[in-house]
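Below is entry-v4.txt, which holds compact mmCIF, C-alpha atoms.
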```txt
# COMPACT_ATOMS: atom_id res chain seq x y z
CA MET A 1 78.80 331.94 51.97
CA ALA A 2 78.79 331.33 48.22
CA ILE A 3 76.10 328.96 47.01
CA LYS A 4 76.01 327.26 43.63
CA THR A 5 73.49 328.97 41.36
CA THR A 6 72.24 325.69 39.99
CA GLU A 7 71.45 324.49 43.52
CA LEU A 8 69.57 327.57 44.68
CA LEU A 9 67.85 329.17 41.70
CA PRO A 10 64.71 327.32 40.62
CA SER A 11 65.36 328.14 36.97
CA SER A 12 64.35 325.65 34.34
CA SER A 13 67.42 326.71 32.34
CA PRO A 14 70.30 327.19 34.82
CA GLU A 15 73.02 326.83 32.20
CA GLU A 16 71.42 329.55 30.09
CA LEU A 17 71.23 331.79 33.16
CA LYS A 18 74.91 331.10 33.86
CA LYS A 19 75.84 332.16 30.31
CA VAL A 20 73.87 335.40 30.68
CA LEU A 21 75.65 336.16 33.97
CA GLN A 22 79.02 335.42 32.37
CA SER A 23 78.16 337.76 29.48
CA VAL A 24 77.18 340.56 31.87
CA ALA A 25 80.35 340.02 33.88
CA SER A 26 82.45 340.10 30.70
CA ASP A 27 80.89 343.42 29.66
CA TRP A 28 82.08 344.81 33.00
CA GLY A 29 85.60 343.38 32.59
CA ASP A 30 85.05 340.51 35.02
CA VAL A 31 85.31 336.74 34.66
CA ILE A 32 82.99 334.11 36.14
CA ASP A 33 84.72 330.74 35.77
CA ASP A 34 82.11 328.70 37.61
CA SER A 35 78.95 329.09 39.66
CA ASP A 36 80.84 328.65 42.93
CA ALA A 37 82.09 332.23 42.54
CA LEU A 38 78.55 333.55 42.83
CA GLN A 39 76.86 334.62 46.03
CA VAL A 40 73.10 334.22 45.80
CA ILE A 41 70.73 336.00 48.19
CA PRO A 42 66.96 335.39 47.97
CA LEU A 43 64.94 338.60 48.33
CA LYS A 44 61.65 338.33 50.19
CA GLY A 45 58.26 339.88 49.56
CA ALA A 46 57.67 339.10 45.88
CA MET A 47 54.31 337.49 45.14
CA THR A 48 54.41 337.12 41.36
CA ASN A 49 58.08 336.25 40.74
CA GLU A 50 61.03 334.93 42.72
CA VAL A 51 63.80 337.51 43.03
CA TYR A 52 67.50 337.10 43.87
CA GLN A 53 70.49 339.34 44.41
CA ILE A 54 73.57 337.78 42.81
CA ALA A 55 77.07 339.03 43.50
CA TRP A 56 80.59 338.16 42.38
CA PRO A 57 83.99 339.77 43.05
CA ALA A 58 85.08 342.35 40.48
CA LYS A 59 88.30 341.44 38.67
CA ASN A 60 90.21 344.64 39.41
CA ASN A 61 89.43 345.47 43.02
CA GLY A 62 87.59 342.45 44.40
CA LEU A 63 84.58 344.53 45.41
CA ALA A 64 81.21 342.87 44.89
CA ARG A 65 79.36 343.31 41.61
CA ASN A 66 75.61 342.96 42.04
CA VAL A 67 72.75 342.13 39.70
CA LEU A 68 69.14 341.23 40.29
CA VAL A 69 67.81 337.98 38.85
CA ARG A 70 64.08 337.62 38.41
CA ILE A 71 62.61 334.13 37.96
CA TYR A 72 59.12 334.39 36.48
CA GLY A 73 56.36 332.93 38.61
CA GLU A 74 54.42 329.90 37.45
CA GLY A 75 51.14 330.57 35.69
CA VAL A 76 51.53 334.37 35.64
CA GLU A 77 51.09 334.47 31.87
CA VAL A 78 47.34 334.43 32.57
CA PHE A 79 47.69 337.96 34.01
CA PHE A 80 49.80 339.73 31.40
CA ASN A 81 51.79 339.24 28.22
CA ARG A 82 55.46 338.82 29.12
CA ASP A 83 56.70 340.24 25.80
CA ASP A 84 54.59 343.37 26.37
CA GLU A 85 56.01 343.65 29.88
CA ILE A 86 59.58 343.40 28.56
CA ARG A 87 58.86 346.13 25.99
CA THR A 88 57.49 348.31 28.79
CA PHE A 89 60.60 347.59 30.87
CA GLU A 90 62.91 348.54 28.00
CA CYS A 91 60.92 351.69 27.20
CA MET A 92 60.98 352.74 30.85
CA SER A 93 64.73 352.17 30.96
CA SER A 94 65.24 354.29 27.82
CA GLN A 95 63.46 357.16 29.61
CA GLY A 96 65.70 356.90 32.65
CA GLN A 97 63.10 355.12 34.77
CA GLY A 98 63.89 352.08 36.88
CA PRO A 99 66.68 349.52 36.40
CA ARG A 100 68.32 348.57 33.10
CA LEU A 101 67.65 345.21 31.45
CA LEU A 102 70.96 343.33 31.33
CA GLY A 103 69.92 339.99 29.86
CA ARG A 104 67.19 337.38 29.40
CA PHE A 105 67.05 333.61 29.78
CA GLY A 106 64.35 330.96 29.50
CA ASP A 107 62.23 331.68 32.55
CA GLY A 108 63.57 335.00 33.76
CA ARG A 109 65.84 337.98 33.26
CA VAL A 110 68.83 339.80 34.75
CA GLU A 111 68.38 343.42 35.78
CA GLU A 112 70.56 346.22 37.07
CA PHE A 113 70.76 346.08 40.86
CA ILE A 114 69.63 349.42 42.25
CA HIS A 115 71.58 350.52 45.30
CA ALA A 116 68.62 351.89 47.17
CA ARG A 117 66.35 350.73 49.94
CA THR A 118 63.00 349.13 49.24
CA LEU A 119 60.27 350.86 51.23
CA SER A 120 58.62 349.13 54.16
CA ALA A 121 54.93 348.96 54.96
CA ALA A 122 55.39 351.78 57.48
CA ASP A 123 57.34 353.95 55.04
CA ILE A 124 54.45 354.59 52.66
CA ARG A 125 52.47 356.06 55.54
CA ASP A 126 55.32 358.40 56.52
CA PRO A 127 54.25 361.92 55.45
CA LYS A 128 57.66 362.95 54.08
CA ILE A 129 58.19 359.75 52.10
CA SER A 130 54.57 359.81 50.96
CA GLU A 131 55.12 363.26 49.43
CA LEU A 132 58.09 361.93 47.44
CA VAL A 133 56.00 359.00 46.21
CA ALA A 134 53.15 361.30 45.19
CA ALA A 135 55.48 363.45 43.07
CA LYS A 136 57.02 360.34 41.49
CA MET A 137 53.58 358.98 40.63
CA ARG A 138 52.79 362.20 38.76
CA GLU A 139 56.02 361.80 36.79
CA PHE A 140 55.21 358.15 36.07
CA HIS A 141 51.69 358.95 34.86
CA ASP A 142 53.05 361.54 32.44
CA LEU A 143 55.36 359.08 30.67
CA LYS A 144 54.82 358.66 26.94
CA MET A 145 54.54 354.93 26.36
CA PRO A 146 53.64 352.81 23.33
CA GLY A 147 50.03 351.82 22.73
CA PRO A 148 46.66 353.57 22.64
CA ARG A 149 46.01 356.03 25.47
CA LYS A 150 42.86 354.36 26.76
CA ALA A 151 41.93 352.47 29.91
CA LEU A 152 42.73 348.75 29.87
CA LEU A 153 41.14 348.14 33.26
CA TRP A 154 37.71 346.95 32.21
CA ASP A 155 38.81 344.55 29.48
CA ARG A 156 41.40 343.07 31.82
CA LEU A 157 38.84 342.53 34.57
CA ARG A 158 36.44 340.77 32.20
CA LYS A 159 39.25 338.55 30.93
CA TRP A 160 40.25 337.63 34.46
CA VAL A 161 36.67 336.67 35.34
CA SER A 162 36.73 334.19 32.45
CA VAL A 163 40.13 332.87 33.55
CA ALA A 164 38.91 332.48 37.14
CA LYS A 165 35.86 330.51 35.97
CA SER A 166 38.10 328.15 34.02
CA PHE A 167 40.22 327.36 37.09
CA CYS A 168 37.85 327.54 40.03
CA SER A 169 35.84 324.79 41.63
CA ALA A 170 32.05 325.20 41.66
CA LYS A 171 32.30 325.98 45.38
CA ASP A 172 34.76 328.83 44.84
CA ALA A 173 32.85 330.15 41.84
CA LYS A 174 29.75 330.42 44.03
CA GLU A 175 31.53 331.91 47.05
CA PHE A 176 33.25 334.58 44.96
CA CYS A 177 30.15 335.35 42.87
CA LEU A 178 31.98 334.67 39.61
CA TYR A 179 28.80 334.15 37.58
CA THR A 180 27.53 337.66 38.34
CA LEU A 181 30.87 339.46 38.52
CA LYS A 182 30.83 340.61 34.90
CA ASP A 183 27.57 342.43 35.65
CA GLU A 184 29.30 344.15 38.58
CA ILE A 185 32.19 345.17 36.32
CA SER A 186 29.82 346.57 33.68
CA MET A 187 27.99 348.49 36.39
CA LEU A 188 31.24 349.97 37.69
CA GLU A 189 32.39 350.92 34.21
CA LYS A 190 29.14 352.83 33.80
CA GLU A 191 28.90 354.36 37.27
CA LEU A 192 32.49 355.31 38.06
CA PRO A 193 33.65 358.75 36.89
CA ASN A 194 34.67 358.67 33.24
CA ASP A 195 33.99 361.93 31.43
CA HIS A 196 36.53 364.08 33.27
CA GLN A 197 39.01 361.30 34.06
CA GLU A 198 42.64 361.82 33.13
CA ILE A 199 44.18 358.75 31.50
CA GLY A 200 47.85 358.22 32.29
CA PHE A 201 50.40 355.44 32.19
CA CYS A 202 49.66 353.69 35.48
CA HIS A 203 51.76 351.24 37.46
CA ASN A 204 48.65 349.46 38.78
CA ASP A 205 50.62 347.70 41.55
CA LEU A 206 52.25 350.49 43.55
CA GLN A 207 52.70 348.66 46.82
CA TYR A 208 55.61 349.51 49.08
CA GLY A 209 57.77 346.67 47.73
CA ASN A 210 57.74 348.24 44.27
CA ILE A 211 59.12 351.57 45.50
CA MET A 212 62.76 352.25 46.34
CA ILE A 213 64.40 355.26 47.94
CA ASP A 214 67.98 356.50 47.77
CA GLU A 215 68.68 357.56 51.35
CA GLU A 216 71.35 360.08 50.30
CA THR A 217 69.44 361.89 47.55
CA SER A 218 65.85 361.06 48.63
CA SER A 219 65.14 360.08 45.03
CA ILE A 220 62.36 357.57 44.43
CA THR A 221 62.52 354.71 41.92
CA ILE A 222 59.44 352.73 40.90
CA ILE A 223 60.10 349.15 39.83
CA ASP A 224 58.25 346.05 38.52
CA TYR A 225 55.95 346.93 35.64
CA GLU A 226 54.14 343.62 35.01
CA TYR A 227 50.69 345.15 35.42
CA ALA A 228 51.47 348.63 34.06
CA SER A 229 49.13 350.06 31.42
CA TYR A 230 47.14 353.13 30.54
CA ASN A 231 44.29 353.65 33.00
CA PRO A 232 42.48 356.43 34.85
CA VAL A 233 45.03 357.97 37.22
CA ALA A 234 42.33 357.87 39.90
CA TYR A 235 42.51 354.08 39.72
CA ASP A 236 46.28 354.04 40.32
CA LEU A 237 45.87 356.38 43.27
CA ALA A 238 43.13 354.13 44.63
CA ASN A 239 45.43 351.12 44.31
CA HIS A 240 48.22 352.87 46.24
CA PHE A 241 45.85 353.83 49.04
CA CYS A 242 44.52 350.26 49.28
CA GLU A 243 48.07 348.93 49.53
CA MET A 244 48.56 350.83 52.77
CA ALA A 245 46.48 348.12 54.45
CA ALA A 246 49.07 345.47 53.58
CA ASN A 247 52.28 344.24 55.15
CA TYR A 248 53.72 341.52 52.96
CA HIS A 249 56.68 340.97 55.29
CA SER A 250 54.68 340.11 58.40
CA ASP A 251 54.11 336.61 59.81
CA THR A 252 50.71 336.69 58.07
CA PRO A 253 51.48 338.53 54.81
CA HIS A 254 48.07 337.80 53.29
CA ILE A 255 46.16 339.57 56.07
CA LEU A 256 45.01 343.12 55.32
CA ASP A 257 44.45 345.69 58.07
CA TYR A 258 42.02 348.31 56.80
CA SER A 259 42.39 350.34 59.97
CA LEU A 260 45.63 351.48 58.29
CA TYR A 261 43.82 352.74 55.20
CA PRO A 262 44.66 356.47 54.92
CA GLY A 263 42.13 358.92 56.30
CA LEU A 264 40.61 361.77 54.35
CA GLU A 265 43.26 364.34 55.35
CA ASP A 266 46.08 361.97 54.38
CA ARG A 267 44.50 361.28 50.99
CA GLN A 268 43.93 365.01 50.41
CA ARG A 269 47.55 365.76 51.31
CA PHE A 270 48.84 363.05 48.97
CA ILE A 271 46.68 364.14 46.05
CA LYS A 272 47.45 367.82 46.56
CA THR A 273 51.16 366.99 46.32
CA TYR A 274 50.47 364.78 43.30
CA LEU A 275 48.61 367.56 41.48
CA SER A 276 51.08 370.25 42.56
CA SER A 277 53.97 368.36 41.01
CA ALA A 278 52.47 369.07 37.58
CA GLU A 279 53.85 372.64 37.93
CA LYS A 280 50.59 374.20 38.99
CA GLN A 281 48.78 374.75 42.24
CA PRO A 282 45.52 372.80 42.24
CA SER A 283 42.33 374.31 43.56
CA GLU A 284 40.59 372.80 46.55
CA THR A 285 37.83 371.68 44.19
CA GLU A 286 40.33 369.83 41.97
CA VAL A 287 41.89 368.09 44.96
CA ASN A 288 38.56 367.03 46.43
CA GLN A 289 37.30 365.82 43.06
CA LEU A 290 40.27 363.52 42.55
CA VAL A 291 40.10 362.33 46.17
CA ASP A 292 36.44 361.40 45.61
CA ASP A 293 37.16 359.74 42.27
CA ALA A 294 40.03 357.70 43.71
CA GLU A 295 37.85 356.54 46.58
CA LYS A 296 35.23 355.24 44.15
CA TYR A 297 37.87 353.48 42.07
CA THR A 298 38.89 351.42 45.12
CA LEU A 299 35.87 349.27 44.21
CA ALA A 300 37.42 348.31 40.87
CA ASN A 301 40.74 347.76 42.64
CA HIS A 302 39.20 345.30 45.10
CA ILE A 303 37.79 343.25 42.23
CA PHE A 304 41.12 343.43 40.36
CA TRP A 305 43.20 342.04 43.20
CA GLY A 306 40.41 339.76 44.38
CA LEU A 307 40.45 338.02 41.00
CA TRP A 308 44.25 338.03 40.97
CA GLY A 309 44.34 336.30 44.35
CA LEU A 310 41.73 333.74 43.40
CA ILE A 311 43.46 332.79 40.14
CA SER A 312 46.89 332.79 41.83
CA ALA A 313 45.62 330.25 44.37
CA TYR A 314 45.35 327.81 41.47
CA VAL A 315 48.45 328.68 39.42
CA ASN A 316 51.15 330.11 41.73
CA LYS A 317 53.30 328.00 44.05
CA ILE A 318 54.75 330.88 46.10
CA ASP A 319 54.08 330.48 49.82
CA PHE A 320 51.21 332.96 50.20
CA ASN A 321 47.56 332.41 51.12
CA TYR A 322 46.17 333.82 47.88
CA LYS A 323 42.62 332.65 48.40
CA GLU A 324 42.26 334.31 51.81
CA TYR A 325 43.76 337.48 50.36
CA ALA A 326 41.15 337.35 47.58
CA ARG A 327 38.40 336.78 50.10
CA GLN A 328 39.33 339.95 51.99
CA ARG A 329 39.41 342.05 48.81
CA PHE A 330 35.98 340.86 47.72
CA GLN A 331 34.61 341.42 51.22
CA GLN A 332 35.76 345.03 51.01
CA TYR A 333 34.09 345.42 47.65
CA TRP A 334 30.69 344.22 48.86
CA MET A 335 30.99 346.14 52.13
CA LYS A 336 31.93 349.47 50.48
CA LYS A 337 29.87 349.27 47.32
CA GLN A 338 26.65 350.82 48.61
CA GLU A 339 28.46 353.55 50.54
CA LEU A 340 30.64 354.65 47.63
CA LEU A 341 28.01 354.38 44.94
CA SER A 342 25.07 355.68 46.97
CA SER A 343 24.29 358.33 44.39
CA SER A 344 24.27 355.67 41.70
CA THR A 345 22.57 352.79 43.46
CA ILE A 346 19.60 354.81 44.68
CA ARG A 347 17.11 355.02 41.85
CA GLN A 348 14.30 357.50 41.96
CA LYS A 349 11.31 356.23 40.07
CA ILE A 350 8.46 358.61 39.37
CA ASN A 351 5.18 356.84 38.83
CA VAL A 352 2.32 358.06 36.68
CA ASN A 353 0.81 359.97 39.63
CA GLY A 354 4.02 361.95 40.14
CA HIS A 355 4.98 360.12 43.33
CA VAL A 356 8.64 359.29 43.94
CA SER A 357 9.65 355.85 45.07
CA ILE A 358 13.22 354.98 46.02
CA SER A 359 14.63 351.50 45.50
CA LEU A 360 17.96 350.34 46.83
CA LYS A 361 20.06 347.89 44.91
CA LYS A 362 20.69 344.83 47.06
CA VAL A 363 24.28 344.47 48.19
CA SER A 364 25.57 340.98 48.80
CA ASP A 365 27.82 340.26 51.77
CA SER A 366 29.45 337.47 49.79
```
File written out as structure tokens:
Amino acid sequence: MAIKTTELLPSSSPEELKKVLQSVASDWGDVIDDSDALQVIPLKGAMTNEVYQIAWPAKNNGLARNVLVRIYGEGVEVFFNRDDEIRTFECMSSQGQGPRLLGRFGDGRVEEFIHARTLSAADIRDPKISELVAAKMREFHDLKMPGPRKALLWDRLRKWVSVAKSFCSAKDAKEFCLYTLKDEISMLEKELPNDHQEIGFCHNDLQYGNIMIDEETSSITIIDYEYASYNPVAYDLANHFCEMAANYHSDTPHILDYSLYPGLEDRQRFIKTYLSSAEKQPSETEVNQLVDDAEKYTLANHIFWGLWGLISAYVNKIDFNYKEYARQRFQQYWMKKQELLSSSTIRQKINVNGHVSISLKKVSDS
């Protein structure tokens, strides 16, 4: 059933949106006389924006024309610069990646509707689909994008700590250790592998909902680049592995199940495919090194999305338990920190008599 756009879309500028849709339709030889001609379908699973499929009958044959309308989430400007994100979107489109930008309006944009299926939580654990995703990640990381080729991760984390402090209650700031978190970030920046790390253009949010597959050609499309930037590729791999614990379409979408985190053999298989897609066969040493690096970078990823969840609890109105999600990510950080940084957290101190004492850095359970 057709639904009036102005009644369904929570846009602050519905008339501007209508004009953009009419312009897009005109470019395709169609006419939209009024909003009643539009069919609007909300798409589930988005946690930063609200997303809609909008269709209208084509003038010549009456078949449905489809576009995707993205309404920007409230408060998300604290996470990224929207103009930078649009430039990334346009640059990706010019390189044949993802959907085309069709138009912009006050609080959103209109994108090409990709006729492909969005992956499910189970799909990214399917070995055949996982191989396709691994090869696509390699292609994505090799893209030549504007800006300096250096990691943005650490500066972004420090900024988000400051943002979280400005929003959070004293109780939350204490629970989530906000006043010591910058020290943790500085420690990770020092301890995580840096010297041999490849820097690539990373998606930084490669969860299943941001991956689409064409069932006929088996081609993969990566979408939604809000958080994309240059970073260590090990970090992006770590993020993808962590996302395998999530199912954002369940009855409890904020709950993470780390029993679904990929085992060592699955991570080795994924990374071997990832490295092989660069037109060379990686050695076992190269595969194991990147597997180990990615596992360590999960610590930075837990802080990243922990902060995101905590801030979102204060600024985003989407129906999602952001604070509980943040709590789980921080719990994983504190639980895994000692295990993953054992070689860094154990300090051997030789006293003047030549004796060796070993001190362990205390790990909070938060």
Inset, instruction - Calculate how many Å separate CA of Ile71 in chain A from CA of Val161 in chain A, rounding to one decimal. - result: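 That distance, rounded to one decimal, is 26.2 Å.
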Inset, instruction - Kindly indicate which residue among A:Lys136, A:Arg109, A:Lys128, A:Arg70 lies nearest to Arg269 in chain A, using all atoms listed in the file for the distances. - result: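 Using all atoms listed in the file, Arg269 in chain A sits closest to A:Lys128.
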Legend entry - Selected residue, from A:Ala326, A:Ala122, A:Leu264, A:Met335, that lies nearest to Asp172 in chain A when counting all atoms listed in the file: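 Answer, going by the shortest atom-to-atom distance: A:Ala326.
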Inset, instruction - Check the smallest atom-to-atom distance from each of A:Leu307, A:Val51, A:Ile124, A:Ala246 to Tyr333 in chain A using all atoms listed in the file, then report the winner. - result: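 Between A:Leu307, A:Val51, A:Ile124, A:Ala246, the residue approaching Tyr333 in chain A most closely is A:Leu307.
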Inset, instruction - Extract, using only C-alpha atoms, all DNA, RNA and protein residues at most 12 Å from His302 in chain A, discarding same-chain residues fewer than 4 positions from it, and format them as JSON, numbers by chain. - result: {"A": [157, 184, 185, 188, 235, 238, 239, 240, 241, 242, 243, 256, 295, 296, 297, 298, 306, 307, 308, 309, 310, 325, 326, 327, 328, 329, 330, 331, 332, 333, 334, 335, 336, 337]}
Mind running range 10-78 of chain A against range 194-205 of chain A at 12 Å and telling me each contacting residue's nearest atom pair with the distance in Å (one decimal), counting all atoms listed in the file, chain and number ascending, as a Markdown table?
```
| residue | atom | partner | partner_atom | distance |
| --- | --- | --- | --- | --- |
| A:Ala46 | CA | A:Asp205 | CA | 11.9 |
| A:Met47 | CA | A:Asp205 | CA | 11.4 |
| A:Thr48 | CA | A:Asp205 | CA | 11.2 |
```
Legend entry - Given all atoms listed in the file as the counted atoms, nearest of A:Asn231, A:Gln289, A:Gln268, A:Gln207 to Ala245 in chain A: A:Gln207
Inset, instruction - Could you check which of A:Phe80, A:Tyr322, A:Trp56, A:Tyr248 is closest to Tyr208 in chain A, using only C-alpha atoms? - result: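 Ranking A:Phe80, A:Tyr322, A:Trp56, A:Tyr248 by distance to Tyr208 in chain A, first place goes to A:Tyr248.
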Inset, instruction - Measure the distance from CA of Ala116 in chain A to CA of Glu90 in chain A in Å and round it to one decimal. - result: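 CA of Ala116 in chain A sits 20.3 Å away from CA of Glu90 in chain A.
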Starting from the block above, write range 90-123 of chain A out to a file with C-alpha atoms, as a PDB file, in the first residue's frame, please.
```pdb
ATOM      1  CA  GLU A  90      31.343  10.115  -4.183  1.00  0.00           C
ATOM      2  CA  CYS A  91      34.960   8.962  -4.561  1.00  0.00           C
ATOM      3  CA  MET A  92      33.935   5.348  -3.983  1.00  0.00           C
ATOM      4  CA  SER A  93      31.186   5.701  -6.575  1.00  0.00           C
ATOM      5  CA  SER A  94      33.645   7.142  -9.121  1.00  0.00           C
ATOM      6  CA  GLN A  95      35.776   4.005  -8.677  1.00  0.00           C
ATOM      7  CA  GLY A  96      32.836   1.700  -9.304  1.00  0.00           C
ATOM      8  CA  GLN A  97      32.357   0.840  -5.631  1.00  0.00           C
ATOM      9  CA  GLY A  98      28.967   0.807  -3.951  1.00  0.00           C
ATOM     10  CA  PRO A  99      25.814   2.726  -4.924  1.00  0.00           C
ATOM     11  CA  ARG A 100      25.691   6.051  -6.773  1.00  0.00           C
ATOM     12  CA  LEU A 101      24.706   9.272  -5.003  1.00  0.00           C
ATOM     13  CA  LEU A 102      21.498  10.525  -6.627  1.00  0.00           C
ATOM     14  CA  GLY A 103      20.683  13.570  -4.512  1.00  0.00           C
ATOM     15  CA  ARG A 104      20.921  15.309  -1.144  1.00  0.00           C
ATOM     16  CA  PHE A 105      18.431  17.089   1.100  1.00  0.00           C
ATOM     17  CA  GLY A 106      18.548  18.705   4.523  1.00  0.00           C
ATOM     18  CA  ASP A 107      18.938  15.700   6.789  1.00  0.00           C
ATOM     19  CA  GLY A 108      19.679  12.896   4.367  1.00  0.00           C
ATOM     20  CA  ARG A 109      20.400  11.732   0.852  1.00  0.00           C
ATOM     21  CA  VAL A 110      19.027   9.580  -1.974  1.00  0.00           C
ATOM     22  CA  GLU A 111      21.149   6.692  -3.214  1.00  0.00           C
ATOM     23  CA  GLU A 112      20.989   4.137  -5.983  1.00  0.00           C
ATOM     24  CA  PHE A 113      19.061   1.081  -4.840  1.00  0.00           C
ATOM     25  CA  ILE A 114      21.265  -1.970  -5.278  1.00  0.00           C
ATOM     26  CA  HIS A 115      19.370  -5.051  -6.396  1.00  0.00           C
ATOM     27  CA  ALA A 116      21.242  -7.467  -4.210  1.00  0.00           C
ATOM     28  CA  ARG A 117      20.658  -9.199  -0.917  1.00  0.00           C
ATOM     29  CA  THR A 118      22.037  -7.839   2.329  1.00  0.00           C
ATOM     30  CA  LEU A 119      23.939 -10.543   4.192  1.00  0.00           C
ATOM     31  CA  SER A 120      22.531 -12.068   7.356  1.00  0.00           C
ATOM     32  CA  ALA A 121      24.359 -12.768  10.591  1.00  0.00           C
ATOM     33  CA  ALA A 122      24.725 -16.410   9.547  1.00  0.00           C
ATOM     34  CA  ASP A 123      26.003 -15.530   6.075  1.00  0.00           C
TER      35      ASP A 123
END
```
